[in-house]
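Below is target33.pdb, which holds PDB, C-alpha atoms.
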ATOM      1  CA  MET M 300       0.000   0.000   0.000  1.00  0.00           C
ATOM      2  CA  LYS M 301       1.185   3.489  -0.819  1.00  0.00           C
ATOM      3  CA  LYS M 302       1.591   6.244   1.757  1.00  0.00           C
ATOM      4  CA  ASN M 303      -1.089   8.466   0.193  1.00  0.00           C
ATOM      5  CA  ALA M 304      -3.651   5.636   0.245  1.00  0.00           C
ATOM      6  CA  PHE M 305      -2.879   5.108   3.920  1.00  0.00           C
ATOM      7  CA  PHE M 306      -3.473   8.787   4.737  1.00  0.00           C
ATOM      8  CA  LEU M 307      -6.699   8.738   2.701  1.00  0.00           C
ATOM      9  CA  ILE M 308      -8.025   5.697   4.566  1.00  0.00           C
ATOM     10  CA  GLY M 309      -6.866   7.266   7.856  1.00  0.00           C
ATOM     11  CA  GLY M 310      -8.899  10.387   7.077  1.00  0.00           C
ATOM     12  CA  CYS M 311     -11.977   8.272   6.278  1.00  0.00           C
ATOM     13  CA  ILE M 312     -11.568   6.380   9.560  1.00  0.00           C
ATOM     14  CA  ALA M 313     -11.284   9.681  11.461  1.00  0.00           C
ATOM     15  CA  LEU M 314     -14.498  10.940   9.842  1.00  0.00           C
ATOM     16  CA  ALA M 315     -16.284   7.675  10.642  1.00  0.00           C
ATOM     17  CA  LEU M 316     -15.054   7.919  14.242  1.00  0.00           C
ATOM     18  CA  LEU M 317     -16.378  11.469  14.503  1.00  0.00           C
ATOM     19  CA  ALA M 318     -19.795  10.304  13.301  1.00  0.00           C
ATOM     20  CA  ILE M 319     -19.797   7.383  15.749  1.00  0.00           C
ATOM     21  CA  PHE M 320     -18.785   9.697  18.622  1.00  0.00           C
ATOM     22  CA  TRP M 321     -21.591  12.061  17.681  1.00  0.00           C
ATOM     23  CA  TYR M 322     -24.089   9.186  17.582  1.00  0.00           C
ATOM     24  CA  SER M 323     -22.881   7.755  20.898  1.00  0.00           C
ATOM     25  CA  VAL M 324     -23.379  11.176  22.520  1.00  0.00           C
ATOM     26  CA  GLU M 325     -26.871  11.402  21.013  1.00  0.00           C
ATOM     27  CA  VAL M 326     -27.932   7.975  22.293  1.00  0.00           C
ATOM     28  CA  HIS M 327     -25.767   8.297  25.410  1.00  0.00           C
ATOM     29  CA  VAL M 328     -23.932   4.971  24.930  1.00  0.00           C
ATOM     30  CA  ARG M 329     -20.348   5.540  25.863  1.00  0.00           C
ATOM     31  CA  PHE M 330     -19.195   1.978  25.105  1.00  0.00           C
ATOM     32  CA  LEU M 331     -19.936   2.572  21.428  1.00  0.00           C
ATOM     33  CA  ALA M 332     -17.393   5.420  21.320  1.00  0.00           C
ATOM     34  CA  GLU M 333     -14.837   3.501  23.374  1.00  0.00           C
ATOM     35  CA  ILE M 334     -15.033   0.281  21.359  1.00  0.00           C
ATOM     36  CA  SER M 335     -15.045   2.111  18.015  1.00  0.00           C
ATOM     37  CA  PHE M 336     -11.959   4.077  19.082  1.00  0.00           C
ATOM     38  CA  ILE M 337     -10.082   0.880  19.991  1.00  0.00           C
ATOM     39  CA  ILE M 338     -11.114  -0.796  16.718  1.00  0.00           C
ATOM     40  CA  ALA M 339     -10.084   2.293  14.700  1.00  0.00           C
ATOM     41  CA  ILE M 340      -6.650   2.386  16.316  1.00  0.00           C
ATOM     42  CA  GLY M 341      -6.258  -1.348  15.636  1.00  0.00           C
ATOM     43  CA  ILE M 342      -7.174  -0.892  11.957  1.00  0.00           C
ATOM     44  CA  ILE M 343      -4.777   2.052  11.574  1.00  0.00           C
ATOM     45  CA  TYR M 344      -1.994   0.041  13.220  1.00  0.00           C
ATOM     46  CA  LEU M 345      -2.558  -2.908  10.861  1.00  0.00           C
ATOM     47  CA  LEU M 346      -2.749  -0.645   7.805  1.00  0.00           C
ATOM     48  CA  ARG M 347       0.422   1.148   8.871  1.00  0.00           C
ATOM     49  CA  LYS M 348       2.307  -2.140   8.729  1.00  0.00           C
ATOM     50  CA  LYS M 349       1.219  -2.651   5.113  1.00  0.00           C
ATOM     51  CA  VAL M 350       2.560   0.697   3.876  1.00  0.00           C
ATOM     52  CA  THR M 351       5.583   0.017   1.691  1.00  0.00           C
ATOM     53  CA  ASP M 352       6.963   3.489   0.935  1.00  0.00           C
ATOM     54  CA  PHE M 353       7.312   4.736   4.508  1.00  0.00           C
ATOM     55  CA  THR M 354      10.959   5.202   5.471  1.00  0.00           C
ATOM     56  CA  GLU M 355      11.302   5.230   9.230  1.00  0.00           C
ATOM     57  CA  ASP M 356      14.948   5.131  10.150  1.00  0.00           C
ATOM     58  CA  GLU M 357      16.747   5.192  13.495  1.00  0.00           C
ATOM     59  CA  ARG M 358      16.803   9.010  13.716  1.00  0.00           C
ATOM     60  CA  ILE M 359      13.026   9.237  13.344  1.00  0.00           C
ATOM     61  CA  ALA M 360      12.621   6.382  15.835  1.00  0.00           C
ATOM     62  CA  LYS M 361      14.889   8.226  18.274  1.00  0.00           C
ATOM     63  CA  ILE M 362      12.870  11.437  17.939  1.00  0.00           C
ATOM     64  CA  SER M 363       9.648   9.528  18.707  1.00  0.00           C
ATOM     65  CA  GLU M 364      11.300   7.640  21.552  1.00  0.00           C
ATOM     66  CA  GLN M 365      12.696  10.756  23.227  1.00  0.00           C
ATOM     67  CA  ALA M 366       9.433  12.684  22.826  1.00  0.00           C
ATOM     68  CA  ALA M 367       7.446   9.776  24.307  1.00  0.00           C
ATOM     69  CA  LEU M 368       9.870   9.390  27.202  1.00  0.00           C
ATOM     70  CA  ARG M 369       9.790  13.087  28.128  1.00  0.00           C
ATOM     71  CA  THR M 370       5.994  13.172  27.794  1.00  0.00           C
ATOM     72  CA  PHE M 371       5.750  10.207  30.131  1.00  0.00           C
ATOM     73  CA  GLN M 372       8.138  11.786  32.634  1.00  0.00           C
ATOM     74  CA  VAL M 373       6.167  15.040  32.816  1.00  0.00           C
ATOM     75  CA  SER M 374       2.770  13.334  32.665  1.00  0.00           C
ATOM     76  CA  TRP M 375       3.363  10.999  35.582  1.00  0.00           C
ATOM     77  CA  VAL M 376       4.502  13.880  37.792  1.00  0.00           C
ATOM     78  CA  VAL M 377       1.411  15.937  36.892  1.00  0.00           C
ATOM     79  CA  PHE M 378      -0.852  12.891  37.237  1.00  0.00           C
ATOM     80  CA  CYS M 379       0.593  11.992  40.639  1.00  0.00           C
ATOM     81  CA  ALA M 380       0.339  15.582  41.886  1.00  0.00           C
ATOM     82  CA  LEU M 381      -3.322  15.847  40.844  1.00  0.00           C
ATOM     83  CA  SER M 382      -4.103  12.363  42.151  1.00  0.00           C
ATOM     84  CA  ILE M 383      -2.564  13.173  45.523  1.00  0.00           C
ATOM     85  CA  GLY M 384      -4.834  16.224  45.703  1.00  0.00           C
ATOM     86  CA  ALA M 385      -7.870  14.101  44.797  1.00  0.00           C
ATOM     87  CA  VAL M 386      -6.988  11.427  47.351  1.00  0.00           C
ATOM     88  CA  MET M 387      -6.586  14.119  50.016  1.00  0.00           C
ATOM     89  CA  GLN M 388     -10.162  15.154  49.323  1.00  0.00           C
ATOM     90  CA  ILE M 389     -11.457  11.594  49.461  1.00  0.00           C
ATOM     91  CA  LEU M 390      -9.581  10.901  52.694  1.00  0.00           C
ATOM     92  CA  TYR M 391     -11.043  13.957  54.345  1.00  0.00           C
ATOM     93  CA  VAL M 392     -10.548  13.694  58.133  1.00  0.00           C
ATOM     94  CA  PRO M 393     -12.580  16.299  60.050  1.00  0.00           C
ATOM     95  CA  THR M 394     -10.387  16.197  63.173  1.00  0.00           C
ATOM     96  CA  PHE M 395      -7.417  17.425  61.188  1.00  0.00           C
ATOM     97  CA  THR M 396      -9.232  20.429  59.879  1.00  0.00           C
ATOM     98  CA  LYS M 397     -11.252  23.387  60.998  1.00  0.00           C
ATOM     99  CA  ALA M 398     -14.936  23.171  61.960  1.00  0.00           C
ATOM    100  CA  ASP M 399     -16.228  24.933  58.838  1.00  0.00           C
ATOM    101  CA  PHE M 400     -15.343  21.846  56.829  1.00  0.00           C
ATOM    102  CA  GLU M 401     -18.633  20.288  57.959  1.00  0.00           C
ATOM    103  CA  GLU M 402     -20.190  21.977  54.961  1.00  0.00           C
ATOM    104  CA  PHE M 403     -17.674  20.361  52.699  1.00  0.00           C
ATOM    105  CA  HIS M 404     -18.853  17.471  50.481  1.00  0.00           C
ATOM    106  CA  PRO M 405     -15.893  15.823  48.784  1.00  0.00           C
ATOM    107  CA  ARG M 406     -17.976  13.370  46.742  1.00  0.00           C
ATOM    108  CA  GLU M 407     -19.678  16.232  44.928  1.00  0.00           C
ATOM    109  CA  ILE M 408     -16.341  17.658  43.882  1.00  0.00           C
ATOM    110  CA  LEU M 409     -15.049  14.294  42.673  1.00  0.00           C
ATOM    111  CA  GLY M 410     -18.165  13.254  40.789  1.00  0.00           C
ATOM    112  CA  PRO M 411     -18.130  11.556  37.364  1.00  0.00           C
ATOM    113  CA  ARG M 412     -18.377  14.890  35.569  1.00  0.00           C
ATOM    114  CA  MET M 413     -15.301  16.297  37.317  1.00  0.00           C
ATOM    115  CA  MET M 414     -13.405  13.067  36.726  1.00  0.00           C
ATOM    116  CA  GLY M 415     -14.277  13.376  33.042  1.00  0.00           C
ATOM    117  CA  TYR M 416     -12.909  16.923  32.888  1.00  0.00           C
ATOM    118  CA  PHE M 417      -9.863  15.797  34.843  1.00  0.00           C
ATOM    119  CA  GLN M 418      -9.120  12.998  32.375  1.00  0.00           C
ATOM    120  CA  LEU M 419      -9.799  15.253  29.401  1.00  0.00           C
ATOM    121  CA  GLY M 420      -7.372  17.817  30.809  1.00  0.00           C
ATOM    122  CA  LEU M 421      -4.694  15.172  31.283  1.00  0.00           C
ATOM    123  CA  LEU M 422      -5.250  13.822  27.767  1.00  0.00           C
ATOM    124  CA  CYS M 423      -4.941  17.302  26.260  1.00  0.00           C
ATOM    125  CA  LEU M 424      -1.830  17.940  28.330  1.00  0.00           C
ATOM    126  CA  MET M 425      -0.233  14.701  27.092  1.00  0.00           C
ATOM    127  CA  ILE M 426      -1.037  15.521  23.470  1.00  0.00           C
ATOM    128  CA  PHE M 427       0.370  19.056  23.753  1.00  0.00           C
ATOM    129  CA  LEU M 428       3.452  17.798  25.573  1.00  0.00           C
ATOM    130  CA  TYR M 429       4.098  15.082  22.994  1.00  0.00           C
ATOM    131  CA  VAL M 430       3.718  17.473  20.064  1.00  0.00           C
ATOM    132  CA  GLY M 431       5.937  20.036  21.793  1.00  0.00           C
ATOM    133  CA  PHE M 432       8.660  17.532  22.647  1.00  0.00           C
ATOM    134  CA  ARG M 433       8.468  16.039  19.171  1.00  0.00           C
ATOM    135  CA  ILE M 434       9.034  19.445  17.594  1.00  0.00           C
ATOM    136  CA  TYR M 435      11.892  20.102  20.023  1.00  0.00           C
ATOM    137  CA  TYR M 436      13.681  16.804  19.317  1.00  0.00           C
ATOM    138  CA  ALA M 437      12.988  16.962  15.575  1.00  0.00           C
ATOM    139  CA  ARG M 438      14.703  20.351  15.539  1.00  0.00           C
ATOM    140  CA  LYS M 439      17.527  19.069  17.737  1.00  0.00           C
ATOM    141  CA  TYR M 440      18.203  16.073  15.479  1.00  0.00           C
ATOM    142  CA  GLY M 441      18.207  18.161  12.333  1.00  0.00           C
ATOM    143  CA  ASP M 442      14.732  17.744  10.887  1.00  0.00           C
ATOM    144  CA  TRP M 443      14.580  21.278   9.511  1.00  0.00           C
ATOM    145  CA  GLU M 444      18.174  21.590   8.469  1.00  0.00           C
ATOM    146  CA  THR M 445      18.745  22.894   4.984  1.00  0.00           C
ATOM    147  CA  ASP M 446      21.749  22.349   2.797  1.00  0.00           C
ATOM    148  CA  GLU M 447      23.311  23.668  -0.349  1.00  0.00           C
ATOM    149  CA  GLU M 448      22.358  20.675  -2.527  1.00  0.00           C
TER     150      GLU M 448
ATOM    151  CA  MET D1194      31.724  12.796  16.329  1.00  0.00           C
ATOM    152  CA  LYS D1195      33.216  14.215  13.163  1.00  0.00           C
ATOM    153  CA  ASN D1196      32.610  12.662   9.790  1.00  0.00           C
ATOM    154  CA  LYS D1197      33.683  12.951   6.183  1.00  0.00           C
ATOM    155  CA  ILE D1198      30.498  11.750   4.542  1.00  0.00           C
ATOM    156  CA  LYS D1199      30.277  14.817   2.372  1.00  0.00           C
ATOM    157  CA  VAL D1200      33.812  14.276   1.080  1.00  0.00           C
ATOM    158  CA  PHE D1201      33.191  10.594   0.356  1.00  0.00           C
ATOM    159  CA  ARG D1202      29.920  11.428  -1.335  1.00  0.00           C
ATOM    160  CA  ALA D1203      31.695  13.851  -3.610  1.00  0.00           C
ATOM    161  CA  MET D1204      34.398  11.292  -4.356  1.00  0.00           C
ATOM    162  CA  ASN D1205      31.780   8.674  -5.218  1.00  0.00           C
ATOM    163  CA  ASP D1206      29.573  11.167  -7.054  1.00  0.00           C
ATOM    164  CA  LEU D1207      26.577  10.456  -4.829  1.00  0.00           C
ATOM    165  CA  THR D1208      23.823  12.794  -3.772  1.00  0.00           C
ATOM    166  CA  GLN D1209      22.356  12.661  -0.272  1.00  0.00           C
ATOM    167  CA  GLU D1210      19.269  11.019  -1.749  1.00  0.00           C
ATOM    168  CA  ASP D1211      21.361   8.314  -3.479  1.00  0.00           C
ATOM    169  CA  LEU D1212      23.250   7.508  -0.297  1.00  0.00           C
ATOM    170  CA  ALA D1213      20.058   7.545   1.766  1.00  0.00           C
ATOM    171  CA  GLN D1214      18.365   5.094  -0.590  1.00  0.00           C
ATOM    172  CA  ALA D1215      21.423   2.856  -0.692  1.00  0.00           C
ATOM    173  CA  ILE D1216      21.506   2.420   3.087  1.00  0.00           C
ATOM    174  CA  GLY D1217      17.762   2.626   3.761  1.00  0.00           C
ATOM    175  CA  VAL D1218      17.383   5.918   5.619  1.00  0.00           C
ATOM    176  CA  THR D1219      15.850   9.287   4.797  1.00  0.00           C
ATOM    177  CA  ARG D1220      17.785  12.077   3.086  1.00  0.00           C
ATOM    178  CA  GLN D1221      17.182  14.209   6.164  1.00  0.00           C
ATOM    179  CA  THR D1222      19.078  11.681   8.274  1.00  0.00           C
ATOM    180  CA  ILE D1223      22.119  11.878   5.979  1.00  0.00           C
ATOM    181  CA  LEU D1224      21.938  15.670   6.170  1.00  0.00           C
ATOM    182  CA  ALA D1225      21.650  15.586   9.974  1.00  0.00           C
ATOM    183  CA  ILE D1226      24.680  13.258  10.241  1.00  0.00           C
ATOM    184  CA  GLU D1227      26.738  15.404   7.875  1.00  0.00           C
ATOM    185  CA  LYS D1228      25.943  18.514   9.885  1.00  0.00           C
ATOM    186  CA  GLY D1229      26.743  16.777  13.178  1.00  0.00           C
ATOM    187  CA  LYS D1230      23.188  17.103  14.472  1.00  0.00           C
ATOM    188  CA  TYR D1231      22.750  13.377  14.794  1.00  0.00           C
ATOM    189  CA  VAL D1232      25.274  10.703  15.736  1.00  0.00           C
ATOM    190  CA  PRO D1233      24.474   7.458  13.894  1.00  0.00           C
ATOM    191  CA  SER D1234      24.367   4.062  15.554  1.00  0.00           C
ATOM    192  CA  LEU D1235      27.272   1.684  14.991  1.00  0.00           C
ATOM    193  CA  ASP D1236      25.125  -0.312  12.591  1.00  0.00           C
ATOM    194  CA  LEU D1237      24.330   2.719  10.453  1.00  0.00           C
ATOM    195  CA  ALA D1238      27.920   3.972  10.613  1.00  0.00           C
ATOM    196  CA  PHE D1239      29.129   0.593   9.319  1.00  0.00           C
ATOM    197  CA  ARG D1240      26.545   0.618   6.537  1.00  0.00           C
ATOM    198  CA  ILE D1241      27.687   4.084   5.439  1.00  0.00           C
ATOM    199  CA  SER D1242      31.358   3.130   5.440  1.00  0.00           C
ATOM    200  CA  ARG D1243      30.613  -0.163   3.622  1.00  0.00           C
ATOM    201  CA  ARG D1244      28.826   1.822   0.936  1.00  0.00           C
ATOM    202  CA  PHE D1245      31.988   3.859   0.388  1.00  0.00           C
ATOM    203  CA  ARG D1246      34.100   0.667   0.627  1.00  0.00           C
ATOM    204  CA  VAL D1247      36.341   2.093   3.332  1.00  0.00           C
ATOM    205  CA  ASN D1248      36.938   1.432   7.024  1.00  0.00           C
ATOM    206  CA  ILE D1249      34.635   3.083   9.517  1.00  0.00           C
ATOM    207  CA  GLU D1250      37.519   5.121  10.986  1.00  0.00           C
ATOM    208  CA  GLU D1251      38.056   6.789   7.656  1.00  0.00           C
ATOM    209  CA  VAL D1252      34.526   8.161   7.604  1.00  0.00           C
ATOM    210  CA  PHE D1253      33.952   8.797  11.302  1.00  0.00           C
ATOM    211  CA  GLN D1254      36.401  10.260  13.788  1.00  0.00           C
ATOM    212  CA  TYR D1255      35.793  10.499  17.497  1.00  0.00           C
ATOM    213  CA  ASP D1256      36.001  14.076  18.691  1.00  0.00           C
ATOM    214  CA  GLU D1257      37.610  14.121  22.145  1.00  0.00           C
ATOM    215  CA  ALA D1258      36.624  17.718  22.751  1.00  0.00           C
ATOM    216  CA  ALA D1259      32.919  17.168  22.145  1.00  0.00           C
ATOM    217  CA  PRO D1260      31.508  14.105  23.921  1.00  0.00           C
ATOM    218  CA  THR D1261      28.433  12.778  22.150  1.00  0.00           C
ATOM    219  CA  ILE D1262      26.664  11.162  25.086  1.00  0.00           C
ATOM    220  CA  ASP D1263      23.628  13.299  25.537  1.00  0.00           C
ATOM    221  CA  ILE D1264      20.897  12.637  28.061  1.00  0.00           C
ATOM    222  CA  ASP D1265      18.640  15.481  26.929  1.00  0.00           C
TER     223      ASP D1265
END

Structure encoded using structure tokens:
Amino acid sequence: MKKNAFFLIGGCIALALLAIFWYSVEVHVRFLAEISFIIAIGIIYLLRKKVTDFTEDERIAKISEQAALRTFQVSWVVFCALSIGAVMQILYVPTFTKADFEEFHPREILGPRMMGYFQLGLLCLMIFLYVGFRIYYARKYGDWETDEE
Amino acid sequence: MKNKIKVFRAMNDLTQEDLAQAIGVTRQTILAIEKGKYVPSLDLAFRISRRFRVNIEEVFQYDEAAPTIDID
């Protein structure tokens, strides 16, 4: 399979995913979106292996590897910091705190909606970090170098 | 790590694209190696020197003043 055909099929899969996501929101069936996402990633992975004119050498692999590693390193620190904060709210002990905390309802703060926003925030952070690190390492390892040829 | 890829390319009348295709990497990788932005693995260094039919030491020279181990 040629590279252009792969990108074309990838675009079609992305559009189909968008439609499925829309439908799953309409009918409020989250498993539909989750399963379709996993299947789409699986299909893209299998198609990617069939592309013949993709040249991925060790420099490109190193850029991806370094970007992924740095993203992981930052993400786990942020995730742990936020999780510690969330656990502190769950493990609320009134004797450690002031009396006005009787009005405090930790379960309301950590409801499914907030957890959804929390996960969405982390996902966006990971994507931005990965893209940022990828640009940084691509530049470092000469991706935008020009020559006299 | 210093290298003389550009010199050997000129001697063998090869473009970056030709060399890249011959050893199975992208042209950008050859350019990055030539400019010292990327230090190739031993495997790739051997493939480059084999393509020029010379020993690896003739193409690549270790630069004592600039260590290449980089943890960033």

- In Å, rounded to a single decimal, give me how far atom CA of D:Ile1223 is from atom CA of D:Lys1195.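 Pair atom CA of D:Lys1195 / atom CA of D:Ile1223 returns 13.4 Å.
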
- Task: Pull out every residue that the ChimeraX specification (/M :<7) & /D matches in the shown coordinates and put them as a PyMOL selection string.
- Result: chain D and resi 1218-1219+1221-1222+1225+1230-1231

Convert the current residue selection to file output with C-alpha atoms, as a PDB file, in the frame of the given file.
ATOM      1  CA  VAL D1218      17.383   5.918   5.619  1.00  0.00           C
ATOM      2  CA  THR D1219      15.850   9.287   4.797  1.00  0.00           C
ATOM      3  CA  GLN D1221      17.182  14.209   6.164  1.00  0.00           C
ATOM      4  CA  THR D1222      19.078  11.681   8.274  1.00  0.00           C
ATOM      5  CA  ALA D1225      21.650  15.586   9.974  1.00  0.00           C
ATOM      6  CA  LYS D1230      23.188  17.103  14.472  1.00  0.00           C
ATOM      7  CA  TYR D1231      22.750  13.377  14.794  1.00  0.00           C
TER       8      TYR D1231
END

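Selection check: the PyMOL selection byres ((chain M and resi 371-376) around 10) on the shown file gives Gln365, Ala366, Ala367, Leu368, Arg369, Thr370, Val377, Phe378, Cys379, Ala380, Leu381, Ser382, Leu421, Leu422, Leu424, Met425, Leu428 and Tyr429 of chain M.
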
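The space separating atom CA of M:Tyr344 from atom CA of M:Phe320 comes to 20.1 Å.
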
Any chance you could work out the axis-aligned box around stretch 331-334 of chain M, listed atoms only, 8 Å on each side, giving centre and edge lengths in Å to one decimal, as lines of an AutoDock Vina configuration file?
center_x = -17.4
center_y = 2.9
center_z = 22.3
size_x = 21.1
size_y = 21.1
size_z = 18.1

- Can you give me, as a ChimeraX atom specification, the residues this file yields under the PyMOL selection byres ((chain D and resi 1197-1200) around 7)? /D:1196,1201-1204,1227,1252-1253

Would you pick out the contacts of M:Met300 at 9 Å or less, using only C-alpha atoms, so that residues sharing its chain but fewer than 4 positions from it are not included, and give the list as a PDB file with C-alpha atoms, in the frame of the given file?
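Below you can see selection_20.pdb, which holds the result:
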ATOM      1  CA  ALA M 304      -3.651   5.636   0.245  1.00  0.00           C
ATOM      2  CA  PHE M 305      -2.879   5.108   3.920  1.00  0.00           C
ATOM      3  CA  LEU M 346      -2.749  -0.645   7.805  1.00  0.00           C
ATOM      4  CA  ARG M 347       0.422   1.148   8.871  1.00  0.00           C
ATOM      5  CA  LYS M 349       1.219  -2.651   5.113  1.00  0.00           C
ATOM      6  CA  VAL M 350       2.560   0.697   3.876  1.00  0.00           C
ATOM      7  CA  THR M 351       5.583   0.017   1.691  1.00  0.00           C
ATOM      8  CA  ASP M 352       6.963   3.489   0.935  1.00  0.00           C
TER       9      ASP M 352
END

- Figure out the distance between atom CA of M:Ile343 and atom CA of M:Ser363, please, to one decimal in Å.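 If I compute the distance from atom CA of M:Ser363 to atom CA of M:Ile343, I get 17.7 Å.
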
- Item | For D:Ile1249, the nearest of the candidates D:Leu1237, D:Ile1226, D:Val1232, D:Ala1213, counting all atoms listed in the file |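 Distance minimum relative to D:Ile1249 lands on D:Leu1237.
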